[in-house]
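Dropping final25.tsv in here (TSV, C-alpha atoms):
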chain	number	residue	atom	x	y	z
L	1	MET	CA	75.85	65.62	76.71
L	2	LYS	CA	77.77	64.55	73.61
L	3	LEU	CA	75.18	66.20	71.32
L	4	ASN	CA	75.70	69.58	72.99
L	5	ARG	CA	79.49	69.24	72.69
L	6	THR	CA	79.17	68.38	69.01
L	7	ILE	CA	76.97	71.40	68.29
L	8	LEU	CA	79.18	73.84	70.17
L	9	SER	CA	82.33	72.43	68.58
L	10	ARG	CA	80.93	73.00	65.11
L	11	VAL	CA	79.86	76.54	65.98
L	12	PHE	CA	83.27	77.64	67.32
L	13	CYS	CA	85.82	75.35	65.63
L	14	ASP	CA	86.69	77.99	63.01
L	15	THR	CA	87.67	80.50	65.71
L	16	TYR	CA	89.01	78.42	68.61
L	17	LYS	CA	90.81	75.18	69.28
L	18	ILE	CA	88.21	72.97	70.95
L	19	LEU	CA	88.90	70.75	73.97
L	20	GLU	CA	86.19	68.30	75.10
L	21	ALA	CA	85.61	66.55	78.41
L	22	GLU	CA	83.06	63.84	79.09
L	23	ASN	CA	82.67	64.73	82.77
L	24	GLY	CA	83.53	67.36	85.35
L	25	GLN	CA	86.70	65.65	86.56
L	26	GLN	CA	88.13	65.49	83.04
L	27	ALA	CA	87.20	69.15	82.58
L	28	LEU	CA	89.25	70.18	85.62
L	29	GLU	CA	92.24	68.16	84.39
L	30	LEU	CA	92.06	69.84	80.97
L	31	ILE	CA	91.88	73.27	82.60
L	32	GLN	CA	94.96	72.52	84.72
L	33	HIS	CA	96.96	71.51	81.64
L	34	HIS	CA	95.77	74.39	79.44
L	35	PRO	CA	96.14	77.65	81.42
L	36	THR	CA	95.48	79.82	78.32
L	37	ILE	CA	91.90	78.65	77.82
L	38	SER	CA	89.72	81.40	76.29
L	39	ALA	CA	86.32	80.22	77.57
L	40	ILE	CA	84.54	77.26	79.11
L	41	PHE	CA	81.12	75.82	78.32
L	42	LEU	CA	80.00	73.95	81.41
L	43	ASP	CA	76.94	71.69	81.50
L	44	LEU	CA	75.25	71.55	84.89
L	45	ILE	CA	74.41	67.87	84.49
L	46	MET	CA	77.52	65.70	84.04
L	47	PRO	CA	78.72	62.33	85.34
L	48	VAL	CA	81.45	61.95	88.00
L	49	MET	CA	81.36	65.69	88.89
L	50	ASP	CA	78.50	68.04	88.02
L	51	GLY	CA	78.81	71.61	86.77
L	52	LEU	CA	78.30	73.31	90.12
L	53	SER	CA	81.02	71.14	91.70
L	54	VAL	CA	83.42	72.14	88.93
L	55	LEU	CA	82.52	75.80	89.51
L	56	ARG	CA	83.24	75.44	93.22
L	57	GLU	CA	86.68	74.02	92.47
L	58	LEU	CA	87.44	76.83	90.00
L	59	ASN	CA	86.21	79.41	92.49
L	60	GLN	CA	88.22	78.00	95.39
L	61	SER	CA	91.43	77.91	93.34
L	62	GLY	CA	90.91	81.50	92.14
L	63	ILE	CA	91.32	80.69	88.44
L	64	ILE	CA	87.63	81.40	87.82
L	65	HIS	CA	88.68	85.00	87.12
L	66	SER	CA	91.07	84.03	84.33
L	67	PHE	CA	88.44	83.14	81.73
L	68	PRO	CA	84.65	83.32	81.25
L	69	VAL	CA	82.58	80.28	82.22
L	70	PHE	CA	79.24	79.82	80.41
L	71	ILE	CA	76.68	77.48	81.96
L	72	ILE	CA	74.83	75.20	79.54
L	73	THR	CA	71.44	74.12	80.87
L	74	ALA	CA	67.79	73.59	80.11
L	75	SER	CA	66.92	74.19	83.75
L	76	ASP	CA	65.02	77.24	84.93
L	77	ASN	CA	65.64	76.51	88.61
L	78	GLU	CA	66.31	80.01	89.96
L	79	LYS	CA	68.21	78.80	93.04
L	80	ILE	CA	70.63	76.65	91.02
L	81	LEU	CA	71.21	79.34	88.39
L	82	MET	CA	71.81	81.99	91.05
L	83	GLU	CA	74.34	79.72	92.75
L	84	ALA	CA	76.14	79.34	89.41
L	85	TYR	CA	76.34	83.13	89.06
L	86	ASN	CA	77.57	83.49	92.65
L	87	LEU	CA	80.31	80.94	91.97
L	88	GLY	CA	81.60	82.99	89.04
L	89	ALA	CA	79.68	81.97	85.93
L	90	VAL	CA	79.36	84.93	83.55
L	91	ASP	CA	76.31	83.83	81.58
L	92	ILE	CA	73.63	81.15	81.30
L	93	ILE	CA	73.12	79.61	77.85
L	94	SER	CA	69.78	77.91	77.58
L	95	LYS	CA	69.04	74.91	75.41
L	96	PRO	CA	68.13	74.68	72.60
L	97	PHE	CA	70.87	77.05	71.31
L	98	MET	CA	70.20	80.19	69.29
L	99	ILE	CA	73.42	79.98	67.27
L	100	PRO	CA	73.79	83.55	65.86
L	101	PHE	CA	73.20	85.19	69.23
L	102	LEU	CA	75.37	82.60	70.98
L	103	LYS	CA	78.40	83.48	68.84
L	104	TYR	CA	78.03	87.20	69.52
L	105	ARG	CA	77.65	86.71	73.27
L	106	VAL	CA	80.61	84.39	73.59
L	107	ASN	CA	82.99	86.29	71.29
L	108	ASN	CA	82.23	89.65	72.94
L	109	THR	CA	82.78	88.22	76.42
L	110	VAL	CA	86.04	86.51	75.42
L	111	GLU	CA	87.34	89.78	73.92
L	112	LEU	CA	86.44	91.64	77.12
L	113	TYR	CA	88.31	89.09	79.27
L	114	GLN	CA	91.35	89.25	76.99
L	115	TYR	CA	91.36	93.03	77.26
L	116	GLN	CA	91.09	92.85	81.05
L	117	ASN	CA	93.90	90.29	81.26
L	118	ASP	CA	96.12	92.40	79.00
L	119	LEU	CA	95.38	95.48	81.09
L	120	GLN	CA	96.16	93.60	84.32
L	121	SER	CA	99.47	92.43	82.88
L	122	ILE	CA	100.39	96.02	82.05
L	123	ILE	CA	99.40	97.16	85.55
L	124	ASN	CA	101.40	94.35	87.17
L	125	GLU	CA	104.44	95.26	85.09
L	126	GLN	CA	104.20	98.90	86.11
L	127	VAL	CA	103.77	97.96	89.77
L	128	GLN	CA	106.94	95.87	89.62
L	129	LYS	CA	108.81	98.77	88.00
L	130	ILE	CA	107.65	101.13	90.73
L	131	LYS	CA	108.68	98.64	93.43
L	132	HIS	CA	112.10	98.36	91.81
L	133	ILE	CA	112.48	102.13	91.67
L	134	ASN	CA	111.42	102.42	95.32
L	135	GLN	CA	113.96	99.79	96.32
L	136	GLN	CA	116.75	101.49	94.39
L	137	MET	CA	115.97	104.88	95.93
L	138	VAL	CA	115.86	103.44	99.44
L	139	GLU	CA	119.13	101.57	98.95
L	140	THR	CA	120.84	104.61	97.44
L	141	LEU	CA	119.94	106.79	100.42
L	142	ALA	CA	121.04	104.10	102.84
L	143	ALA	CA	124.32	103.55	100.97
L	144	ILE	CA	125.18	107.25	101.33
L	145	ILE	CA	124.75	106.99	105.08
L	146	GLU	CA	126.72	103.77	105.34
L	147	PHE	CA	129.57	105.29	103.31
L	148	ARG	CA	129.76	108.32	105.61
L	149	ASN	CA	129.64	106.03	108.61
L	150	GLY	CA	132.57	103.99	107.34
L	151	GLU	CA	130.37	100.94	106.73
L	152	THR	CA	130.28	98.67	103.67
L	153	GLY	CA	126.50	98.64	103.37
L	154	ASP	CA	126.16	95.24	105.01
L	155	HIS	CA	124.58	96.79	108.11
L	156	VAL	CA	121.39	97.86	106.33
L	157	LYS	CA	121.26	94.55	104.49
L	158	ARG	CA	121.39	92.68	107.78
L	159	ILE	CA	118.77	94.99	109.30
L	160	TYR	CA	116.53	94.32	106.30
L	161	GLY	CA	116.84	90.55	106.70
L	162	LEU	CA	116.55	90.45	110.47
L	163	THR	CA	113.57	92.81	110.54
L	164	SER	CA	111.81	90.60	108.01
L	165	VAL	CA	112.26	87.35	109.95
L	166	ILE	CA	111.40	88.95	113.30
L	167	MET	CA	108.19	90.45	111.90
L	168	LYS	CA	107.20	87.16	110.26
L	169	LYS	CA	107.75	85.35	113.54
L	170	VAL	CA	105.82	88.01	115.48
L	171	VAL	CA	102.71	87.75	113.29
L	172	GLN	CA	102.97	83.96	113.37
L	173	MET	CA	103.19	83.79	117.16
L	174	PHE	CA	100.89	86.67	118.08
L	175	PRO	CA	97.70	87.00	115.95
L	176	GLU	CA	96.98	90.49	117.31
L	177	TYR	CA	99.94	91.75	115.28
L	178	TYR	CA	98.92	90.06	112.02
L	179	LEU	CA	100.16	91.67	108.82
L	180	PRO	CA	100.23	90.16	105.31
L	181	ASP	CA	103.58	89.31	103.74
L	182	VAL	CA	103.37	92.28	101.38
L	183	GLU	CA	103.28	94.67	104.35
L	184	ILE	CA	106.14	92.87	106.08
L	185	GLU	CA	108.21	93.30	102.93
L	186	LYS	CA	107.48	97.04	102.95
L	187	ILE	CA	108.49	97.22	106.62
L	188	ALA	CA	111.74	95.39	105.84
L	189	GLN	CA	112.44	97.82	103.00
L	190	ALA	CA	111.63	100.76	105.24
L	191	SER	CA	114.06	99.49	107.88
L	192	ILE	CA	116.90	100.22	105.44
L	193	LEU	CA	116.28	103.93	106.05
L	194	HIS	CA	116.30	103.75	109.85
L	195	ASP	CA	119.54	105.75	110.11
L	196	VAL	CA	119.06	108.09	107.16
L	197	GLY	CA	119.23	111.06	109.55
L	198	LYS	CA	122.91	110.36	110.20
L	199	ILE	CA	123.60	112.26	106.99
L	200	VAL	CA	123.45	115.47	109.07
L	201	VAL	CA	125.62	114.18	111.91
L	202	PRO	CA	129.16	115.68	111.74
L	203	ASP	CA	131.90	113.26	110.69
L	204	TYR	CA	133.91	113.86	113.85
L	205	ILE	CA	130.99	112.49	115.87
L	206	LEU	CA	129.84	109.82	113.43
L	207	ASN	CA	133.29	108.24	113.14
L	208	LYS	CA	134.73	109.08	116.54
L	209	PRO	CA	136.72	106.07	117.84
L	210	GLU	CA	136.24	107.02	121.49
L	211	LYS	CA	133.12	107.26	123.61
L	212	LEU	CA	130.97	110.27	122.78
L	213	THR	CA	130.72	113.13	125.25
L	214	PRO	CA	127.22	113.91	126.61
L	215	GLU	CA	127.04	116.88	124.24
L	216	GLU	CA	128.10	114.77	121.24
L	217	TYR	CA	125.62	112.06	122.18
L	218	GLU	CA	122.79	114.60	122.16
L	219	ILE	CA	123.79	115.60	118.63
L	220	MET	CA	123.91	111.95	117.58
L	221	LYS	CA	120.40	111.39	118.98
L	222	LEU	CA	119.09	114.06	116.61
L	223	HIS	CA	119.52	111.66	113.67
L	224	THR	CA	116.03	110.31	114.41
L	225	VAL	CA	114.21	113.61	113.93
L	226	LYS	CA	116.59	114.88	111.25
L	227	GLY	CA	115.95	111.73	109.26
L	228	CYS	CA	112.22	112.40	109.36
L	229	GLU	CA	112.84	115.96	108.18
L	230	LEU	CA	114.72	114.55	105.23
L	231	LEU	CA	112.02	111.97	104.47
L	232	SER	CA	109.35	114.68	104.65
L	233	GLN	CA	110.93	116.19	101.54
L	234	ILE	CA	110.17	113.07	99.45
L	235	PRO	CA	106.70	111.84	100.48
L	236	ASP	CA	105.45	111.73	96.89
L	237	VAL	CA	108.53	110.08	95.43
L	238	ILE	CA	108.16	106.61	96.99
L	239	ASP	CA	105.17	104.40	97.73
L	240	LYS	CA	102.96	105.95	100.44
L	241	ASP	CA	102.96	102.89	102.71
L	242	LEU	CA	106.72	102.56	102.34
L	243	TYR	CA	107.08	106.25	103.21
L	244	ASP	CA	104.85	105.94	106.29
L	245	TYR	CA	106.76	102.90	107.59
L	246	SER	CA	110.10	104.59	106.87
L	247	TYR	CA	109.10	107.76	108.70
L	248	ASP	CA	107.87	105.89	111.77
L	249	ILE	CA	110.89	103.58	111.94
L	250	CYS	CA	113.35	106.43	111.38
L	251	ARG	CA	111.88	108.40	114.27
L	252	HIS	CA	111.15	105.62	116.74
L	253	HIS	CA	113.75	102.85	116.36
L	254	HIS	CA	115.50	104.18	119.50
L	255	GLU	CA	112.36	104.27	121.64
L	256	ARG	CA	112.27	101.69	124.42
L	257	TYR	CA	109.42	99.68	125.90
L	258	ASP	CA	109.83	101.30	129.33
L	259	GLY	CA	109.67	104.82	127.91
L	260	LYS	CA	113.38	105.57	128.42
L	261	GLY	CA	114.24	105.86	124.74
L	262	TYR	CA	114.27	108.84	122.41
L	263	PRO	CA	113.24	111.18	120.82
L	264	ASP	CA	109.62	111.07	122.07
L	265	GLY	CA	109.87	108.90	125.19
L	266	LEU	CA	107.17	106.53	123.90
L	267	ALA	CA	106.43	103.43	125.96
L	268	GLY	CA	104.74	100.05	125.53
L	269	ASN	CA	102.38	99.67	122.60
L	270	ASP	CA	102.59	103.38	121.80
L	271	ILE	CA	105.63	102.24	119.83
L	272	THR	CA	104.57	100.49	116.62
L	273	ILE	CA	105.42	96.82	116.43
L	274	TRP	CA	107.59	97.38	113.34
L	275	SER	CA	109.67	100.07	115.03
L	276	GLN	CA	110.13	97.73	117.99
L	277	ALA	CA	111.29	94.97	115.64
L	278	VAL	CA	113.81	97.27	113.95
L	279	ALA	CA	115.02	98.44	117.38
L	280	VAL	CA	115.97	94.89	118.38
L	281	ALA	CA	117.50	94.15	114.99
L	282	ASP	CA	119.55	97.37	115.13
L	283	VAL	CA	120.86	96.70	118.63
L	284	TYR	CA	121.79	93.11	117.84
L	285	ASP	CA	123.66	94.09	114.69
L	286	ALA	CA	125.40	97.01	116.41
L	287	LEU	CA	126.66	94.63	119.09
L	288	THR	CA	127.84	91.85	116.79
L	289	ALA	CA	129.45	94.06	114.11
L	290	GLU	CA	132.82	95.74	114.32
L	291	ARG	CA	132.65	99.53	114.57
L	292	VAL	CA	135.29	102.26	114.65
L	293	TYR	CA	134.78	102.58	118.39
L	294	LYS	CA	134.55	98.88	119.35
L	295	ALA	CA	135.26	95.29	118.39
L	296	ALA	CA	132.50	92.85	117.45
L	297	ILE	CA	130.82	91.13	120.38
L	298	PRO	CA	130.19	87.35	120.08
L	299	HIS	CA	126.66	86.28	119.15
L	300	GLU	CA	125.93	84.53	122.45
L	301	THR	CA	127.12	87.52	124.48
L	302	ALA	CA	125.09	89.97	122.41
L	303	VAL	CA	121.91	87.90	122.77
L	304	LYS	CA	122.42	87.62	126.53
L	305	MET	CA	122.95	91.40	126.82
L	306	ILE	CA	119.69	92.06	124.96
L	307	PHE	CA	117.68	89.60	127.05
L	308	ASP	CA	119.24	90.85	130.28
L	309	GLY	CA	118.16	94.43	129.51
L	310	GLU	CA	121.66	95.82	129.14
L	311	CYS	CA	120.63	97.54	125.90
L	312	GLY	CA	117.32	98.92	127.12
L	313	ALA	CA	113.86	97.44	127.61
L	314	PHE	CA	112.12	95.65	124.72
L	315	ASN	CA	108.64	94.28	124.21
L	316	PRO	CA	108.65	90.70	125.66
L	317	LYS	CA	106.81	89.46	122.59
L	318	ILE	CA	109.42	90.98	120.28
L	319	LEU	CA	112.14	89.33	122.38
L	320	GLN	CA	110.35	86.00	122.17
L	321	ALA	CA	110.15	86.27	118.38
L	322	PHE	CA	113.78	87.41	118.25
L	323	GLY	CA	114.78	84.41	120.33
L	324	GLU	CA	112.91	82.02	118.05
L	325	THR	CA	114.71	83.37	114.98
L	326	ILE	CA	118.21	84.02	116.33
L	327	LEU	CA	118.76	82.21	119.60
L	328	TYR	CA	117.50	78.87	118.36
L	329	GLY	CA	119.25	78.63	115.03
L	330	GLY	CA	117.09	80.79	112.81
L	331	THR	CA	118.71	82.39	109.78
L	332	TYR	CA	118.13	85.54	107.84
L	333	GLU	CA	119.45	87.02	104.64
L	334	TYR	CA	119.07	90.07	102.44
L	335	LYS	CA	117.27	89.59	99.13
L	336	LYS	CA	116.52	92.22	96.50

The structure in this file should be written as structure tokens.
Amino acid sequence: MKLNRTILSRVFCDTYKILEAENGQQALELIQHHPTISAIFLDLIMPVMDGLSVLRELNQSGIIHSFPVFIITASDNEKILMEAYNLGAVDIISKPFMIPFLKYRVNNTVELYQYQNDLQSIINEQVQKIKHINQQMVETLAAIIEFRNGETGDHVKRIYGLTSVIMKKVVQMFPEYYLPDVEIEKIAQASILHDVGKIVVPDYILNKPEKLTPEEYEIMKLHTVKGCELLSQIPDVIDKDLYDYSYDICRHHHERYDGKGYPDGLAGNDITIWSQAVAVADVYDALTAERVYKAAIPHETAVKMIFDGECGAFNPKILQAFGETILYGGTYEYKK
């Protein structure tokens, strides 16, 4: 009602800039164009769109948590008022208004929300700093390995990108493997450390241009467990989830679906879906990139070798996702 708007405007005009809406639809439009609103007074009875409908829209969009919403009403209908609270209203202001108490209630609530928003901004900033530090540490470790292996660093970047798109396609195609994007990003970051154990492999083996002897190959295979020994020295330095993914991928990215991989001989779904994704990404990149001991294999040939089982057995679902992203024109790239 216009009378209520007039009264409230006069009460708070010295402290706040006042925006008025004649109905619920106008209120939503004002909110969309003024994201820094301090508080909202919402009458339950309005034309076009009533107060509860506006609350539902604010709740569904998630912005209800950005500012306090006060319900203005003369109703004592318990069901309606409870619904308003459940939709995110912080307080019910009954008519007629008790002005001195109203100012205290509103100002105290607005200050609390501002404090919470400021605190959340600080937390978000610190989280981003920690993520950046984690990424730098992971990339630094990986760069050391790539340097010793005679690589430019592009290998881990490609593994990062390919792991990300394979995992996104897997969770899209197979609901049983669902993971949120934030977890997929951690998995992609963790994939950068898949070969960190190669830091203990002797140079004469790591950069040997000829085929490895059986004895040398056994030493090379140790990079999986040696990498985990290295990671076990820094569990408190990086994010716990990132550490857990890194450890699992480092140890198991050479396991195979039929149990003929190493170091643990895991088979089937005993191998985590993320380690299986990195395994395919690693094999594909190893085939298509030039190495000291071989020339690069063409994309089509490499894909055929993987699907024909020439590089070991892989989860059919992983292969299907891999095919959707690589075989049929999908692209991937590394992004910091």

Next on the checklist: Here is a test: counting only C-alpha atoms, which residue of L:Pro68, L:Gly24, L:Gly259, L:Pro47 is nearest to Asn107 (chain L)?
Outcome noted: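 Going through L:Pro68, L:Gly24, L:Gly259, L:Pro47 one by one, the smallest distance to Asn107 (chain L) is for L:Pro68.
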
Checklist entry - Separation of CA of Pro263 (chain L) and CA of Ile205 (chain L), in Å? => result 18.5 Å

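Put simply, CA of Asn77 (chain L) is 27.7 Å away from CA of Phe12 (chain L).
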
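Among the candidate residues L:Gln60, L:Ser94, L:Thr163, L:Ser66, the one lying nearest to Ser121 (chain L) is L:Ser66, with distances computed using only C-alpha atoms.
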
Checklist entry - Using all atoms listed in the file, which residue out of L:Val170, L:Met220, L:Ala190, L:Ala296 lies closest to Glu324 (chain L)? => result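 Of L:Val170, L:Met220, L:Ala190, L:Ala296, the one nearest Glu324 (chain L), counting all atoms listed in the file, is L:Val170.
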
Next on the checklist: Just the number, please: distance in Å from CA of Gln32 (chain L) to CA of Phe101 (chain L), one decimal.
Outcome noted: 29.6 Å

Checklist entry - What's the 9 Å shell around His155 (chain L), counting only C-alpha atoms, without same-chain residues fewer than 5 positions away, as a list in words? => result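 Selected residues are Glu146, Tyr160, Ile192, Asp282, Asp285, Ala286 and Ala289 of chain L.
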
Residue subset to file, keeping C-alpha atoms, as a compact mmCIF listing (two decimals), in the coordinates of the input:
# COMPACT_ATOMS: atom_id res chain seq x y z
CA GLU L 146 126.72 103.77 105.34
CA TYR L 160 116.53 94.32 106.30
CA ILE L 192 116.90 100.22 105.44
CA ASP L 282 119.55 97.37 115.13
CA ASP L 285 123.66 94.09 114.69
CA ALA L 286 125.40 97.01 116.41
CA ALA L 289 129.45 94.06 114.11

Checklist entry - Using only C-alpha atoms, which of L:Lys2, L:Lys169, L:His65, L:His299 sits nearest Met46 (chain L)? => result L:Lys2

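Residue nearest Leu44 (chain L) within the list L:Cys13, L:Ala267, L:Ala84, L:Ile18: L:Ala84 [criterion: smallest interatomic distance, only C-alpha atoms].
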
Checklist entry - Any idea what's packed within 6 Å of Lys198 (chain L), counting all atoms listed in the file, ignoring anything in its chain fewer than 3 positions away? Could you give it as a PyMOL selection string? => result chain L and resi 195+201+223

Next on the checklist: Residues near Lys226 (chain L), anyone? I mean within 9 Å using all atoms listed in the file, not counting same-chain ones fewer than 5 positions away, as a list in words.
Outcome noted: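 Final neighbour list, sorted by chain and number: Val196, Gly197, Lys198, Ile199, Val200, Leu231 and Arg251 of chain L.
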
Checklist entry - Out of L:Thr36, L:Glu57, L:Val90, L:Ile45, which residue has the shortest atom-to-atom distance to Ala74 (chain L) when counting all atoms listed in the file? => result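 Among L:Thr36, L:Glu57, L:Val90, L:Ile45, it is L:Ile45 that comes nearest to Ala74 (chain L).
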